[in-house]
Amino acid sequence: MSESKRVLTKKDITNLAIRSSLLQAGFSYERMQAAGWLYAQLPALEKIYKDDKAGLSAAMVDNMEFINTHPNLVGFLMGLLVSLEEQHENRDTIKGLKLALFGPIAGIGDAIFWFTLLPIIAGISCSFASQGLILGPIIFFTCYLVIWLLRIVWTHMGYNLGIKSFEKLQE
């Protein structure tokens, strides 16, 4: 997408990433993370559809559909889909891409974060803490903060790659 067609700034994408931290705050068993998903994207959608109330309404309805993905990797998918919204891509394409990718991203995120990184980091941290060293909690919280900050990087990556992200995922 050319620079002239861009509506969102780097600050908007960073705001999207930060707001995605509350992805699970509105969790429900009917739509899982949909309320948090829409909450994170709403400022970007409002900026994209500023004078088009019907377009904004359609985007909001679509973004309240069921989604359940990994909270640390959600930014990549959000960035990708917001770039498609910005290009005014077909609603079915955006919905289809969201449906196609949220499950695999959840699986990858669970395997990397919940089942590998965090247990290893917690084990190392607990080892230090059990010896009475303050280094244990410092290591754990520092690593967790780095993981959280990577959310911003991944959101910018998804946005900047746009539709090319899908091609990269297929490779």
# chains A, B, ... in the order shown; residues from 1 in each chain; ligands from 1
call {"tool": "residues_around", "arguments": {"residues": "stretch 22-29 of chain A", "least_positions_apart": "3", "cutoff": "10 Å", "atoms": "only C-alpha atoms", "output": "mmCIF file with C-alpha atoms, in the first residue's frame"}}
result
data_model
loop_
_atom_site.group_PDB
_atom_site.id
_atom_site.type_symbol
_atom_site.label_atom_id
_atom_site.label_comp_id
_atom_site.auth_asym_id
_atom_site.auth_seq_id
_atom_site.Cartn_x
_atom_site.Cartn_y
_atom_site.Cartn_z
ATOM 1 C CA ALA A 17 -1.018 -3.061 20.284
ATOM 2 C CA ILE A 18 -1.347 -1.566 23.758
ATOM 3 C CA ARG A 19 -5.142 -1.838 23.726
ATOM 4 C CA MET A 32 -14.646 -15.628 23.638
ATOM 5 C CA GLN A 33 -12.343 -12.607 23.034
ATOM 6 C CA ALA A 34 -14.594 -10.672 20.625
ATOM 7 C CA ALA A 35 -15.346 -7.745 22.965
ATOM 8 C CA GLY A 36 -11.647 -7.202 23.702
ATOM 9 C CA TRP A 37 -10.850 -7.627 20.014
ATOM 10 C CA LEU A 38 -13.269 -4.860 19.060
ATOM 11 C CA TYR A 39 -12.129 -2.674 21.968
ATOM 12 C CA ALA A 40 -8.533 -2.838 20.719
ATOM 13 C CA PHE A 66 -16.292 -15.286 17.686
ATOM 14 C CA ASN A 68 -10.196 -17.105 20.380
ATOM 15 C CA THR A 69 -6.493 -16.689 19.758
ATOM 16 C CA HIS A 70 -3.267 -16.262 21.690
ATOM 17 C CA PRO A 71 -3.122 -12.957 23.596
ATOM 18 C CA ASN A 72 0.612 -12.399 23.027
ATOM 19 C CA VAL A 74 -2.891 -11.317 18.637
#
call {"tool": "residues_around", "arguments": {"residues": "A:Arg91", "least_positions_apart": "4", "cutoff": "10 Å", "atoms": "only C-alpha atoms", "output": "list in words"}}
result
Gly55, Ala58, Ala59, Asp62, Leu84, Glu85, Lys95, Gly96 and Leu97 of chain A
call {"tool": "closest_residue", "arguments": {"among": "A:Ile147, A:Leu161, A:Val7, A:Leu16", "to": "A:Gly75", "atoms": "only C-alpha atoms"}}
result
A:Leu16
call {"tool": "closest_residue", "arguments": {"among": "A:Ala111, A:Ile67, A:Leu73, A:Leu117", "to": "A:Leu99", "atoms": "only C-alpha atoms"}}
result
A:Ile67
call {"tool": "select_by_dssp", "arguments": {"residues": "stretch 32-171 of chain A", "states": "helix (DSSP H, G or I)", "output": "ChimeraX atom specification"}}
result
/A:34-48,53-63,74-86,91-130,135-161,164-170
call {"tool": "atom_distance", "arguments": {"atom1": "atom CA of A:Ala122", "atom2": "atom CA of A:Phe140"}}
result
6.3 Å
call {"tool": "decode", "arguments": {"residues": "stretch 49-110 of chain A", "atoms": "C-alpha atoms", "output": "PDB file, in the first residue's frame"}}
result
ATOM      1  CA  TYR A  49     -14.264   4.934   8.562  1.00  0.00           C
ATOM      2  CA  LYS A  50     -14.495   8.497   9.924  1.00  0.00           C
ATOM      3  CA  ASP A  51     -17.378   9.669   7.677  1.00  0.00           C
ATOM      4  CA  ASP A  52     -18.737   6.244   6.699  1.00  0.00           C
ATOM      5  CA  LYS A  53     -21.099   5.188   9.500  1.00  0.00           C
ATOM      6  CA  ALA A  54     -22.373   2.183   7.545  1.00  0.00           C
ATOM      7  CA  GLY A  55     -18.814   0.949   6.928  1.00  0.00           C
ATOM      8  CA  LEU A  56     -17.879   1.431  10.579  1.00  0.00           C
ATOM      9  CA  SER A  57     -21.024  -0.382  11.675  1.00  0.00           C
ATOM     10  CA  ALA A  58     -20.283  -3.334   9.370  1.00  0.00           C
ATOM     11  CA  ALA A  59     -16.685  -3.503  10.613  1.00  0.00           C
ATOM     12  CA  MET A  60     -17.837  -3.401  14.242  1.00  0.00           C
ATOM     13  CA  VAL A  61     -20.399  -6.162  13.698  1.00  0.00           C
ATOM     14  CA  ASP A  62     -17.795  -8.334  11.956  1.00  0.00           C
ATOM     15  CA  ASN A  63     -15.273  -7.734  14.733  1.00  0.00           C
ATOM     16  CA  MET A  64     -17.770  -8.879  17.373  1.00  0.00           C
ATOM     17  CA  GLU A  65     -17.877 -12.364  15.847  1.00  0.00           C
ATOM     18  CA  PHE A  66     -16.292 -15.286  17.686  1.00  0.00           C
ATOM     19  CA  ILE A  67     -12.519 -15.222  18.058  1.00  0.00           C
ATOM     20  CA  ASN A  68     -10.196 -17.105  20.380  1.00  0.00           C
ATOM     21  CA  THR A  69      -6.493 -16.689  19.758  1.00  0.00           C
ATOM     22  CA  HIS A  70      -3.267 -16.262  21.690  1.00  0.00           C
ATOM     23  CA  PRO A  71      -3.122 -12.957  23.596  1.00  0.00           C
ATOM     24  CA  ASN A  72       0.612 -12.399  23.027  1.00  0.00           C
ATOM     25  CA  LEU A  73       0.481 -12.976  19.264  1.00  0.00           C
ATOM     26  CA  VAL A  74      -2.891 -11.317  18.637  1.00  0.00           C
ATOM     27  CA  GLY A  75      -1.187  -8.088  17.556  1.00  0.00           C
ATOM     28  CA  PHE A  76       0.145  -9.666  14.383  1.00  0.00           C
ATOM     29  CA  LEU A  77      -3.352 -10.658  13.292  1.00  0.00           C
ATOM     30  CA  MET A  78      -4.840  -7.326  14.377  1.00  0.00           C
ATOM     31  CA  GLY A  79      -2.198  -5.397  12.455  1.00  0.00           C
ATOM     32  CA  LEU A  80      -2.787  -7.495   9.360  1.00  0.00           C
ATOM     33  CA  LEU A  81      -6.559  -7.101   9.468  1.00  0.00           C
ATOM     34  CA  VAL A  82      -6.443  -3.377  10.233  1.00  0.00           C
ATOM     35  CA  SER A  83      -4.240  -2.909   7.153  1.00  0.00           C
ATOM     36  CA  LEU A  84      -6.935  -4.665   5.106  1.00  0.00           C
ATOM     37  CA  GLU A  85      -9.622  -2.463   6.670  1.00  0.00           C
ATOM     38  CA  GLU A  86      -7.527   0.551   5.730  1.00  0.00           C
ATOM     39  CA  GLN A  87      -7.421  -0.648   2.117  1.00  0.00           C
ATOM     40  CA  HIS A  88     -11.225  -1.123   2.273  1.00  0.00           C
ATOM     41  CA  GLU A  89     -10.792  -4.763   1.349  1.00  0.00           C
ATOM     42  CA  ASN A  90     -13.883  -6.906   0.861  1.00  0.00           C
ATOM     43  CA  ARG A  91     -15.591  -7.742   4.199  1.00  0.00           C
ATOM     44  CA  ASP A  92     -15.649 -11.467   3.340  1.00  0.00           C
ATOM     45  CA  THR A  93     -11.896 -11.442   2.711  1.00  0.00           C
ATOM     46  CA  ILE A  94     -11.225  -9.824   6.084  1.00  0.00           C
ATOM     47  CA  LYS A  95     -13.564 -12.221   7.908  1.00  0.00           C
ATOM     48  CA  GLY A  96     -12.139 -15.221   6.069  1.00  0.00           C
ATOM     49  CA  LEU A  97      -8.560 -14.292   6.869  1.00  0.00           C
ATOM     50  CA  LYS A  98      -9.448 -13.745  10.530  1.00  0.00           C
ATOM     51  CA  LEU A  99     -11.158 -17.146  10.695  1.00  0.00           C
ATOM     52  CA  ALA A 100      -8.309 -18.860   8.870  1.00  0.00           C
ATOM     53  CA  LEU A 101      -5.529 -17.462  11.045  1.00  0.00           C
ATOM     54  CA  PHE A 102      -6.790 -17.076  14.614  1.00  0.00           C
ATOM     55  CA  GLY A 103      -6.659 -20.827  15.317  1.00  0.00           C
ATOM     56  CA  PRO A 104      -3.139 -21.475  13.997  1.00  0.00           C
ATOM     57  CA  ILE A 105      -1.846 -18.346  15.755  1.00  0.00           C
ATOM     58  CA  ALA A 106      -3.398 -19.639  18.994  1.00  0.00           C
ATOM     59  CA  GLY A 107      -1.703 -23.014  18.540  1.00  0.00           C
ATOM     60  CA  ILE A 108       1.688 -21.496  17.785  1.00  0.00           C
ATOM     61  CA  GLY A 109       1.404 -19.033  20.663  1.00  0.00           C
ATOM     62  CA  ASP A 110       0.336 -21.706  23.144  1.00  0.00           C
TER      63      ASP A 110
END
